[in-house]
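Participant: Below you'll find structure_35.cif; it's mmCIF, C-alpha atoms.
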data_start
loop_
_atom_site.group_PDB
_atom_site.id
_atom_site.type_symbol
_atom_site.label_atom_id
_atom_site.label_comp_id
_atom_site.auth_asym_id
_atom_site.auth_seq_id
_atom_site.Cartn_x
_atom_site.Cartn_y
_atom_site.Cartn_z
ATOM 1 C CA MET O 1 158.329 213.840 -11.598
ATOM 2 C CA ASP O 2 161.955 213.176 -12.455
ATOM 3 C CA ILE O 3 164.056 211.340 -9.904
ATOM 4 C CA ILE O 4 167.542 212.727 -9.338
ATOM 5 C CA LYS O 5 169.822 209.699 -9.766
ATOM 6 C CA VAL O 6 173.107 209.932 -7.913
ATOM 7 C CA ARG O 7 176.221 207.851 -8.578
ATOM 8 C CA ALA O 8 179.384 207.397 -6.560
ATOM 9 C CA VAL O 9 181.175 209.711 -9.016
ATOM 10 C CA SER O 10 178.467 212.408 -9.068
ATOM 11 C CA ARG O 11 179.658 215.859 -8.067
ATOM 12 C CA THR O 12 177.970 216.832 -4.803
ATOM 13 C CA ALA O 13 177.634 220.529 -5.747
ATOM 14 C CA ALA O 14 175.873 219.625 -9.016
ATOM 15 C CA VAL O 15 173.491 217.223 -7.251
ATOM 16 C CA ALA O 16 172.844 219.803 -4.521
ATOM 17 C CA GLY O 17 172.014 222.416 -7.148
ATOM 18 C CA ALA O 18 169.587 220.011 -8.836
ATOM 19 C CA ILE O 19 167.864 219.201 -5.530
ATOM 20 C CA ALA O 20 167.570 222.878 -4.585
ATOM 21 C CA GLY O 21 166.219 223.753 -8.032
ATOM 22 C CA VAL O 22 163.536 221.053 -7.953
ATOM 23 C CA ILE O 23 162.505 222.010 -4.409
ATOM 24 C CA ARG O 24 162.169 225.681 -5.358
ATOM 25 C CA GLU O 25 159.949 224.780 -8.333
ATOM 26 C CA GLN O 26 157.994 221.779 -7.093
ATOM 27 C CA LYS O 27 158.370 221.730 -3.274
ATOM 28 C CA HIS O 28 159.229 218.026 -3.496
ATOM 29 C CA ALA O 29 162.282 216.177 -4.803
ATOM 30 C CA GLU O 30 163.368 212.552 -4.946
ATOM 31 C CA VAL O 31 166.933 211.317 -5.004
ATOM 32 C CA GLN O 32 167.914 207.743 -5.785
ATOM 33 C CA ALA O 33 171.195 205.963 -5.079
ATOM 34 C CA ILE O 34 172.465 202.391 -5.340
ATOM 35 C CA GLY O 35 175.528 201.376 -3.339
ATOM 36 C CA ALA O 36 177.468 202.927 -0.466
ATOM 37 C CA GLY O 37 179.437 205.408 -2.599
ATOM 38 C CA ALA O 38 176.301 206.777 -4.247
ATOM 39 C CA VAL O 39 174.411 206.965 -0.939
ATOM 40 C CA ASN O 40 177.321 208.866 0.610
ATOM 41 C CA GLN O 41 177.386 211.365 -2.278
ATOM 42 C CA SER O 42 173.610 211.785 -1.945
ATOM 43 C CA ILE O 43 173.834 212.657 1.738
ATOM 44 C CA LYS O 44 176.670 215.125 1.161
ATOM 45 C CA ALA O 45 174.651 216.729 -1.658
ATOM 46 C CA MET O 46 171.639 216.969 0.634
ATOM 47 C CA ILE O 47 173.599 218.812 3.271
ATOM 48 C CA LEU O 48 174.718 221.326 0.629
ATOM 49 C CA ALA O 49 171.175 221.589 -0.809
ATOM 50 C CA ARG O 50 169.832 222.184 2.682
ATOM 51 C CA ASN O 51 172.300 225.039 3.122
ATOM 52 C CA PHE O 52 171.378 226.542 -0.291
ATOM 53 C CA LEU O 53 167.661 226.385 0.549
ATOM 54 C CA GLU O 54 168.108 227.810 4.050
ATOM 55 C CA GLN O 55 169.325 230.979 2.345
ATOM 56 C CA ASP O 56 165.915 231.133 0.638
ATOM 57 C CA GLY O 57 164.147 230.544 3.949
ATOM 58 C CA ILE O 58 163.207 226.955 3.030
ATOM 59 C CA ASP O 59 163.869 224.365 5.774
ATOM 60 C CA VAL O 60 163.931 220.892 4.219
ATOM 61 C CA VAL O 61 163.881 217.429 5.782
ATOM 62 C CA PHE O 62 164.660 214.008 4.321
ATOM 63 C CA ILE O 63 162.730 210.750 4.322
ATOM 64 C CA PRO O 64 164.642 207.683 3.098
ATOM 65 C CA GLU O 65 163.087 204.409 1.914
ATOM 66 C CA PHE O 66 164.084 201.241 0.075
ATOM 67 C CA VAL O 67 162.771 200.756 -3.454
ATOM 68 C CA ASN O 68 163.307 197.930 -5.925
ATOM 69 C CA VAL O 69 164.468 199.046 -9.330
ATOM 70 C CA GLU O 70 165.131 197.046 -12.482
ATOM 71 C CA ILE O 71 168.517 197.689 -14.062
ATOM 72 C CA GLU O 72 169.500 195.732 -17.165
ATOM 73 C CA GLY O 73 166.903 193.068 -16.353
ATOM 74 C CA LYS O 74 167.993 192.606 -12.713
ATOM 75 C CA ILE O 75 166.105 193.755 -9.641
ATOM 76 C CA ARG O 76 168.295 195.812 -7.317
ATOM 77 C CA THR O 77 167.537 197.564 -4.050
ATOM 78 C CA ALA O 78 168.003 201.291 -4.247
ATOM 79 C CA ILE O 79 167.699 203.938 -1.571
ATOM 80 C CA ARG O 80 165.265 206.687 -2.456
ATOM 81 C CA ILE O 81 165.249 209.836 -0.379
ATOM 82 C CA THR O 82 162.320 212.221 -0.486
ATOM 83 C CA VAL O 83 163.157 215.865 0.188
ATOM 84 C CA GLU O 84 160.348 218.116 1.438
ATOM 85 C CA PRO O 85 159.928 221.408 3.272
ATOM 86 C CA ARG O 86 159.450 220.697 6.977
ATOM 87 C CA MET U 87 172.455 213.298 24.914
ATOM 88 C CA ASP U 88 174.388 210.320 23.588
ATOM 89 C CA ILE U 89 175.190 210.269 19.893
ATOM 90 C CA ILE U 90 174.646 206.939 18.142
ATOM 91 C CA LYS U 91 177.943 206.283 16.357
ATOM 92 C CA VAL U 92 177.673 204.071 13.310
ATOM 93 C CA ARG U 93 180.518 202.211 11.620
ATOM 94 C CA ALA U 94 180.688 200.460 8.252
ATOM 95 C CA VAL U 95 180.470 197.120 10.089
ATOM 96 C CA SER U 96 177.575 198.131 12.382
ATOM 97 C CA ARG U 97 174.501 195.914 12.112
ATOM 98 C CA THR U 98 171.640 197.947 10.659
ATOM 99 C CA ALA U 99 168.983 196.245 12.797
ATOM 100 C CA ALA U 100 170.900 197.025 15.997
ATOM 101 C CA VAL U 101 171.406 200.667 14.995
ATOM 102 C CA ALA U 102 167.746 200.938 13.969
ATOM 103 C CA GLY U 103 166.672 199.577 17.360
ATOM 104 C CA ALA U 104 168.887 202.111 19.119
ATOM 105 C CA ILE U 105 167.473 205.003 17.061
ATOM 106 C CA ALA U 106 163.879 203.894 17.660
ATOM 107 C CA GLY U 107 164.525 203.478 21.388
ATOM 108 C CA VAL U 108 166.038 206.948 21.771
ATOM 109 C CA ILE U 109 163.212 208.542 19.765
ATOM 110 C CA ARG U 110 160.568 206.840 21.879
ATOM 111 C CA GLU U 111 162.220 208.097 25.084
ATOM 112 C CA GLN U 112 163.579 211.488 24.092
ATOM 113 C CA LYS U 113 161.827 212.460 20.794
ATOM 114 C CA HIS U 114 165.224 213.358 19.345
ATOM 115 C CA ALA U 115 168.189 211.233 18.265
ATOM 116 C CA GLU U 116 171.546 211.938 16.648
ATOM 117 C CA VAL U 117 173.500 209.519 14.512
ATOM 118 C CA GLN U 118 177.102 210.067 13.467
ATOM 119 C CA ALA U 119 179.073 208.383 10.684
ATOM 120 C CA ILE U 120 182.473 208.868 9.089
ATOM 121 C CA GLY U 121 183.096 207.442 5.607
ATOM 122 C CA ALA U 122 180.881 206.068 2.857
ATOM 123 C CA GLY U 123 180.380 202.626 4.407
ATOM 124 C CA ALA U 124 179.275 204.062 7.736
ATOM 125 C CA VAL U 125 176.987 206.637 6.091
ATOM 126 C CA ASN U 126 175.371 203.877 4.028
ATOM 127 C CA GLN U 127 174.764 201.736 7.131
ATOM 128 C CA SER U 128 173.296 204.792 8.889
ATOM 129 C CA ILE U 129 170.783 205.418 6.113
ATOM 130 C CA LYS U 130 169.756 201.772 5.972
ATOM 131 C CA ALA U 131 169.320 201.781 9.766
ATOM 132 C CA MET U 132 167.209 204.934 9.507
ATOM 133 C CA ILE U 133 164.870 203.332 7.019
ATOM 134 C CA LEU U 134 164.382 200.403 9.402
ATOM 135 C CA ALA U 135 163.992 202.742 12.408
ATOM 136 C CA ARG U 136 161.413 204.740 10.483
ATOM 137 C CA ASN U 137 159.456 201.537 9.829
ATOM 138 C CA PHE U 138 159.676 200.507 13.513
ATOM 139 C CA LEU U 139 158.443 203.921 14.652
ATOM 140 C CA GLU U 140 155.633 204.072 12.093
ATOM 141 C CA GLN U 141 154.155 201.051 13.881
ATOM 142 C CA ASP U 142 154.004 203.245 17.014
ATOM 143 C CA GLY U 143 152.381 206.065 15.043
ATOM 144 C CA ILE U 144 155.582 208.169 15.072
ATOM 145 C CA ASP U 145 156.540 209.702 11.694
ATOM 146 C CA VAL U 146 160.214 210.708 11.753
ATOM 147 C CA VAL U 147 162.291 212.836 9.395
ATOM 148 C CA PHE U 148 166.046 213.263 9.045
ATOM 149 C CA ILE U 149 168.250 216.336 8.945
ATOM 150 C CA PRO U 150 171.902 215.748 7.958
ATOM 151 C CA GLU U 151 174.812 218.112 8.604
ATOM 152 C CA PHE U 152 178.593 218.119 8.537
ATOM 153 C CA VAL U 153 180.434 218.247 11.865
ATOM 154 C CA ASN U 154 184.129 218.279 12.635
ATOM 155 C CA VAL U 155 185.206 215.673 15.163
ATOM 156 C CA GLU U 156 188.587 214.982 16.683
ATOM 157 C CA ILE U 157 189.719 211.374 16.469
ATOM 158 C CA GLU U 158 193.133 210.445 17.832
ATOM 159 C CA GLY U 159 194.264 214.040 17.587
ATOM 160 C CA LYS U 160 193.114 214.550 13.978
ATOM 161 C CA ILE U 161 190.144 216.618 12.836
ATOM 162 C CA ARG U 162 187.840 214.639 10.577
ATOM 163 C CA THR U 163 184.572 215.563 8.897
ATOM 164 C CA ALA U 164 181.706 213.419 10.067
ATOM 165 C CA ILE U 165 178.100 213.354 8.949
ATOM 166 C CA ARG U 166 175.650 213.832 11.774
ATOM 167 C CA ILE U 167 172.000 213.107 11.153
ATOM 168 C CA THR U 168 169.323 214.423 13.487
ATOM 169 C CA VAL U 169 166.170 212.301 13.724
ATOM 170 C CA GLU U 170 162.971 214.019 14.871
ATOM 171 C CA PRO U 171 159.236 213.476 14.687
ATOM 172 C CA ARG U 172 157.860 215.411 11.711
#
Would it be possible to restate this file's structure as structure tokens?
Facilitator:
Amino acid sequence: MDIIKVRAVSRTAAVAGAIAGVIREQKHAEVQAIGAGAVNQSIKAMILARNFLEQDGIDVVFIPEFVNVEIEGKIRTAIRITVEPR
Amino acid sequence: MDIIKVRAVSRTAAVAGAIAGVIREQKHAEVQAIGAGAVNQSIKAMILARNFLEQDGIDVVFIPEFVNVEIEGKIRTAIRITVEPR
């Protein structure tokens, strides 16, 4: 499954649309962010996605975790947030 | 119920302990943050709180929303995150 990678400059509406689309199709989505700006955009996008999905009668919850990812040869700690119907 | 207010300079372990304590006692906690730094600390604290509570056999999920709060006479948009057992 593709992970939705969010950056500090990502548009929240676009990320929210991606999350909602993946949830509708697969009932499970994963969002990944590195750094405070990206995490903040992720959470804002999730609130919007939650509102989109509520209109379809889907009530989603979020489960965050730390994951180590390799970027340009360096290990960095990312925050990965799983989105699932409640 | 008291809302756990998180700031960019809040210690994640302390916030995580507060979240876990409230969940153990009341089965419901609310965390509030304003700004990217505070939201990031909140999410990190939630990951730690989730790990603490897993050791007690409690599996928590997170539901974020926007709320308007008045601070020194000005309306600001905060992110409030509800924490509940799954």
Participant: Put chain U on top of chain O with a least-squares fit on all C-alpha atoms, paired in order, and send it back as a PDB file with C-alpha atoms, in the frame of the given file.
Facilitator:
ATOM      1  CA  MET U  87     158.342 213.898 -11.579  1.00  0.00           C
ATOM      2  CA  ASP U  88     161.962 213.208 -12.461  1.00  0.00           C
ATOM      3  CA  ILE U  89     164.052 211.350  -9.915  1.00  0.00           C
ATOM      4  CA  ILE U  90     167.546 212.732  -9.338  1.00  0.00           C
ATOM      5  CA  LYS U  91     169.819 209.710  -9.766  1.00  0.00           C
ATOM      6  CA  VAL U  92     173.103 209.932  -7.918  1.00  0.00           C
ATOM      7  CA  ARG U  93     176.210 207.860  -8.594  1.00  0.00           C
ATOM      8  CA  ALA U  94     179.385 207.403  -6.556  1.00  0.00           C
ATOM      9  CA  VAL U  95     181.180 209.700  -9.021  1.00  0.00           C
ATOM     10  CA  SER U  96     178.462 212.397  -9.083  1.00  0.00           C
ATOM     11  CA  ARG U  97     179.651 215.859  -8.065  1.00  0.00           C
ATOM     12  CA  THR U  98     177.964 216.831  -4.804  1.00  0.00           C
ATOM     13  CA  ALA U  99     177.631 220.507  -5.754  1.00  0.00           C
ATOM     14  CA  ALA U 100     175.876 219.619  -9.018  1.00  0.00           C
ATOM     15  CA  VAL U 101     173.487 217.221  -7.267  1.00  0.00           C
ATOM     16  CA  ALA U 102     172.843 219.793  -4.530  1.00  0.00           C
ATOM     17  CA  GLY U 103     172.006 222.416  -7.162  1.00  0.00           C
ATOM     18  CA  ALA U 104     169.593 220.012  -8.841  1.00  0.00           C
ATOM     19  CA  ILE U 105     167.864 219.197  -5.533  1.00  0.00           C
ATOM     20  CA  ALA U 106     167.569 222.875  -4.587  1.00  0.00           C
ATOM     21  CA  GLY U 107     166.219 223.755  -8.036  1.00  0.00           C
ATOM     22  CA  VAL U 108     163.538 221.056  -7.953  1.00  0.00           C
ATOM     23  CA  ILE U 109     162.499 222.016  -4.411  1.00  0.00           C
ATOM     24  CA  ARG U 110     162.181 225.674  -5.348  1.00  0.00           C
ATOM     25  CA  GLU U 111     159.962 224.790  -8.327  1.00  0.00           C
ATOM     26  CA  GLN U 112     157.993 221.803  -7.092  1.00  0.00           C
ATOM     27  CA  LYS U 113     158.387 221.729  -3.254  1.00  0.00           C
ATOM     28  CA  HIS U 114     159.230 218.030  -3.489  1.00  0.00           C
ATOM     29  CA  ALA U 115     162.284 216.180  -4.802  1.00  0.00           C
ATOM     30  CA  GLU U 116     163.361 212.547  -4.947  1.00  0.00           C
ATOM     31  CA  VAL U 117     166.927 211.319  -5.006  1.00  0.00           C
ATOM     32  CA  GLN U 118     167.911 207.742  -5.783  1.00  0.00           C
ATOM     33  CA  ALA U 119     171.196 205.955  -5.089  1.00  0.00           C
ATOM     34  CA  ILE U 120     172.455 202.393  -5.345  1.00  0.00           C
ATOM     35  CA  GLY U 121     175.532 201.376  -3.334  1.00  0.00           C
ATOM     36  CA  ALA U 122     177.479 202.929  -0.478  1.00  0.00           C
ATOM     37  CA  GLY U 123     179.430 205.412  -2.606  1.00  0.00           C
ATOM     38  CA  ALA U 124     176.298 206.774  -4.251  1.00  0.00           C
ATOM     39  CA  VAL U 125     174.403 206.963  -0.942  1.00  0.00           C
ATOM     40  CA  ASN U 126     177.308 208.872   0.608  1.00  0.00           C
ATOM     41  CA  GLN U 127     177.379 211.366  -2.283  1.00  0.00           C
ATOM     42  CA  SER U 128     173.597 211.777  -1.954  1.00  0.00           C
ATOM     43  CA  ILE U 129     173.823 212.663   1.731  1.00  0.00           C
ATOM     44  CA  LYS U 130     176.653 215.118   1.154  1.00  0.00           C
ATOM     45  CA  ALA U 131     174.642 216.724  -1.667  1.00  0.00           C
ATOM     46  CA  MET U 132     171.622 216.961   0.632  1.00  0.00           C
ATOM     47  CA  ILE U 133     173.595 218.805   3.265  1.00  0.00           C
ATOM     48  CA  LEU U 134     174.709 221.320   0.632  1.00  0.00           C
ATOM     49  CA  ALA U 135     171.172 221.574  -0.813  1.00  0.00           C
ATOM     50  CA  ARG U 136     169.821 222.173   2.675  1.00  0.00           C
ATOM     51  CA  ASN U 137     172.303 225.029   3.119  1.00  0.00           C
ATOM     52  CA  PHE U 138     171.375 226.526  -0.284  1.00  0.00           C
ATOM     53  CA  LEU U 139     167.664 226.377   0.543  1.00  0.00           C
ATOM     54  CA  GLU U 140     168.100 227.795   4.045  1.00  0.00           C
ATOM     55  CA  GLN U 141     169.335 230.976   2.353  1.00  0.00           C
ATOM     56  CA  ASP U 142     165.916 231.139   0.639  1.00  0.00           C
ATOM     57  CA  GLY U 143     164.150 230.559   3.958  1.00  0.00           C
ATOM     58  CA  ILE U 144     163.207 226.963   3.033  1.00  0.00           C
ATOM     59  CA  ASP U 145     163.866 224.364   5.769  1.00  0.00           C
ATOM     60  CA  VAL U 146     163.938 220.883   4.222  1.00  0.00           C
ATOM     61  CA  VAL U 147     163.880 217.422   5.778  1.00  0.00           C
ATOM     62  CA  PHE U 148     164.656 214.002   4.328  1.00  0.00           C
ATOM     63  CA  ILE U 149     162.721 210.752   4.322  1.00  0.00           C
ATOM     64  CA  PRO U 150     164.629 207.666   3.099  1.00  0.00           C
ATOM     65  CA  GLU U 151     163.089 204.397   1.910  1.00  0.00           C
ATOM     66  CA  PHE U 152     164.079 201.239   0.081  1.00  0.00           C
ATOM     67  CA  VAL U 153     162.781 200.751  -3.463  1.00  0.00           C
ATOM     68  CA  ASN U 154     163.311 197.928  -5.912  1.00  0.00           C
ATOM     69  CA  VAL U 155     164.483 199.047  -9.335  1.00  0.00           C
ATOM     70  CA  GLU U 156     165.157 197.058 -12.467  1.00  0.00           C
ATOM     71  CA  ILE U 157     168.541 197.683 -14.049  1.00  0.00           C
ATOM     72  CA  GLU U 158     169.500 195.723 -17.150  1.00  0.00           C
ATOM     73  CA  GLY U 159     166.931 193.078 -16.332  1.00  0.00           C
ATOM     74  CA  LYS U 160     168.017 192.612 -12.697  1.00  0.00           C
ATOM     75  CA  ILE U 161     166.117 193.761  -9.619  1.00  0.00           C
ATOM     76  CA  ARG U 162     168.297 195.823  -7.312  1.00  0.00           C
ATOM     77  CA  THR U 163     167.538 197.560  -4.031  1.00  0.00           C
ATOM     78  CA  ALA U 164     168.002 201.291  -4.247  1.00  0.00           C
ATOM     79  CA  ILE U 165     167.696 203.940  -1.574  1.00  0.00           C
ATOM     80  CA  ARG U 166     165.267 206.684  -2.460  1.00  0.00           C
ATOM     81  CA  ILE U 167     165.249 209.832  -0.382  1.00  0.00           C
ATOM     82  CA  THR U 168     162.313 212.223  -0.485  1.00  0.00           C
ATOM     83  CA  VAL U 169     163.150 215.875   0.197  1.00  0.00           C
ATOM     84  CA  GLU U 170     160.341 218.126   1.439  1.00  0.00           C
ATOM     85  CA  PRO U 171     159.932 221.406   3.269  1.00  0.00           C
ATOM     86  CA  ARG U 172     159.463 220.691   6.979  1.00  0.00           C
TER      87      ARG U 172
END
Participant: Restricting the calculation to only C-alpha atoms, which member of O:Ile63, O:Ile4, O:Ile43, O:Val9 is positioned closest to Val31 in chain O?
Facilitator: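 Of O:Ile63, O:Ile4, O:Ile43, O:Val9, the one nearest Val31 in chain O, counting only C-alpha atoms, is O:Ile4.
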Participant: Distance limit 7 Å, atoms considered: only C-alpha atoms. Which chain U residues sit that close to chain O? Return them as a PDB file with C-alpha atoms, in the frame of the given file.
Facilitator:
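Result file is selection02.pdb:
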ATOM      1  CA  ALA U 122     180.881 206.068   2.857  1.00  0.00           C
ATOM      2  CA  GLY U 123     180.380 202.626   4.407  1.00  0.00           C
ATOM      3  CA  VAL U 125     176.987 206.637   6.091  1.00  0.00           C
ATOM      4  CA  ASN U 126     175.371 203.877   4.028  1.00  0.00           C
ATOM      5  CA  ILE U 133     164.870 203.332   7.019  1.00  0.00           C
ATOM      6  CA  VAL U 147     162.291 212.836   9.395  1.00  0.00           C
ATOM      7  CA  PHE U 148     166.046 213.263   9.045  1.00  0.00           C
ATOM      8  CA  ILE U 149     168.250 216.336   8.945  1.00  0.00           C
ATOM      9  CA  PRO U 150     171.902 215.748   7.958  1.00  0.00           C
ATOM     10  CA  GLU U 151     174.812 218.112   8.604  1.00  0.00           C
TER      11      GLU U 151
END
Participant: Starting from the displayed file, determine the output of the PyMOL selection byres ((chain U and resi 102-107) around 7) and express the residue list as a ChimeraX atom specification.
Facilitator: /U:98-101,108-111,115,131-132,134-135,138-139
Participant: Record the distance separating CA of Thr77 in chain O and CA of Gln32 in chain O, expressed in Å with one decimal.
Facilitator: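 Value for the CA of Thr77 in chain O-CA of Gln32 in chain O distance: 10.3 Å.
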Participant: Around all listed atoms of range 52-61 of chain O, padded 3 Å per side, what centre and edge lengths does the axis-aligned box have in Å to one decimal, as lines of an AutoDock Vina configuration file?
Facilitator:
center_x = 167.3
center_y = 224.3
center_z = 2.7
size_x = 14.2
size_y = 19.7
size_z = 12.1
Participant: Enter the distance from CA of Lys74 in chain O to CA of Met1 in chain O, in Å, rounded to one decimal.
Facilitator: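 Distance reported for this atom pair: 23.4 Å.
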Participant: Between CA of Arg93 in chain U and CA of Ser128 in chain U, what is the spacing in Å?
Facilitator: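 CA of Arg93 in chain U lies at a distance of 8.1 Å from CA of Ser128 in chain U.
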Participant: Using only C-alpha atoms, pick whichever of U:Gly143, U:Ala119, U:Gln112, U:Gly159 has the shortest atom-to-atom distance to Lys91 in chain U.
Facilitator: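 Residue with the minimum atom-to-atom distance to Lys91 in chain U: U:Ala119.
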Participant: Leaving out Asn154 in chain U and any residue of its chain fewer than 4 positions from it, which residues lie within 8 Å of it when counting only C-alpha atoms, given as a list in words?
Facilitator: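 After dropping sequence-adjacent residues, the list is Ile161, Arg162, Thr163 and Ala164 of chain U.
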Participant: Can you complete the atoms of range 53-68 of chain O to N, CA, C and O atoms and list them as a CSV table (one decimal), in the frame of the given file?
Facilitator:
chain,number,residue,atom,x,y,z
O,53,LEU,N,169.1,226.1,0.4
O,53,LEU,CA,167.7,226.4,0.5
O,53,LEU,C,167.4,227.2,1.8
O,53,LEU,O,166.5,228.0,1.8
O,54,GLU,N,168.2,227.0,2.8
O,54,GLU,CA,168.1,227.8,4.0
O,54,GLU,C,168.3,229.3,3.7
O,54,GLU,O,167.6,230.1,4.3
O,55,GLN,N,169.1,229.6,2.7
O,55,GLN,CA,169.3,231.0,2.3
O,55,GLN,C,168.1,231.6,1.7
O,55,GLN,O,167.9,232.8,1.6
O,56,ASP,N,167.2,230.7,1.2
O,56,ASP,CA,165.9,231.1,0.6
O,56,ASP,C,164.8,231.0,1.7
O,56,ASP,O,163.6,231.2,1.3
O,57,GLY,N,165.2,230.7,2.9
O,57,GLY,CA,164.1,230.5,3.9
O,57,GLY,C,163.4,229.2,3.9
O,57,GLY,O,162.3,229.1,4.4
O,58,ILE,N,163.9,228.3,3.1
O,58,ILE,CA,163.2,227.0,3.0
O,58,ILE,C,164.0,225.9,3.9
O,58,ILE,O,165.2,225.7,3.7
O,59,ASP,N,163.3,225.3,4.8
O,59,ASP,CA,163.9,224.4,5.8
O,59,ASP,C,163.4,223.0,5.3
O,59,ASP,O,162.3,222.6,5.5
O,60,VAL,N,164.3,222.2,4.7
O,60,VAL,CA,163.9,220.9,4.2
O,60,VAL,C,164.4,219.7,5.1
O,60,VAL,O,165.3,219.8,5.9
O,61,VAL,N,163.6,218.7,5.1
O,61,VAL,CA,163.9,217.4,5.8
O,61,VAL,C,163.9,216.3,4.8
O,61,VAL,O,163.5,216.4,3.6
O,62,PHE,N,164.4,215.1,5.2
O,62,PHE,CA,164.7,214.0,4.3
O,62,PHE,C,164.0,212.7,4.8
O,62,PHE,O,164.0,212.5,6.1
O,63,ILE,N,163.4,212.0,3.9
O,63,ILE,CA,162.7,210.8,4.3
O,63,ILE,C,163.2,209.6,3.4
O,63,ILE,O,162.9,209.6,2.2
O,64,PRO,N,164.1,208.8,3.9
O,64,PRO,CA,164.6,207.7,3.1
O,64,PRO,C,163.8,206.4,3.1
O,64,PRO,O,163.0,206.2,4.1
O,65,GLU,N,163.8,205.7,2.0
O,65,GLU,CA,163.1,204.4,1.9
O,65,GLU,C,163.8,203.5,0.9
O,65,GLU,O,164.6,204.0,0.1
O,66,PHE,N,163.6,202.2,1.1
O,66,PHE,CA,164.1,201.2,0.1
O,66,PHE,C,163.1,201.1,-1.1
O,66,PHE,O,161.9,201.1,-0.9
O,67,VAL,N,163.6,201.0,-2.3
O,67,VAL,CA,162.8,200.8,-3.5
O,67,VAL,C,163.5,199.7,-4.3
O,67,VAL,O,164.7,199.7,-4.4
O,68,ASN,N,162.7,198.9,-5.0
O,68,ASN,CA,163.3,197.9,-5.9
O,68,ASN,C,163.3,198.5,-7.3
O,68,ASN,O,162.2,199.0,-7.7
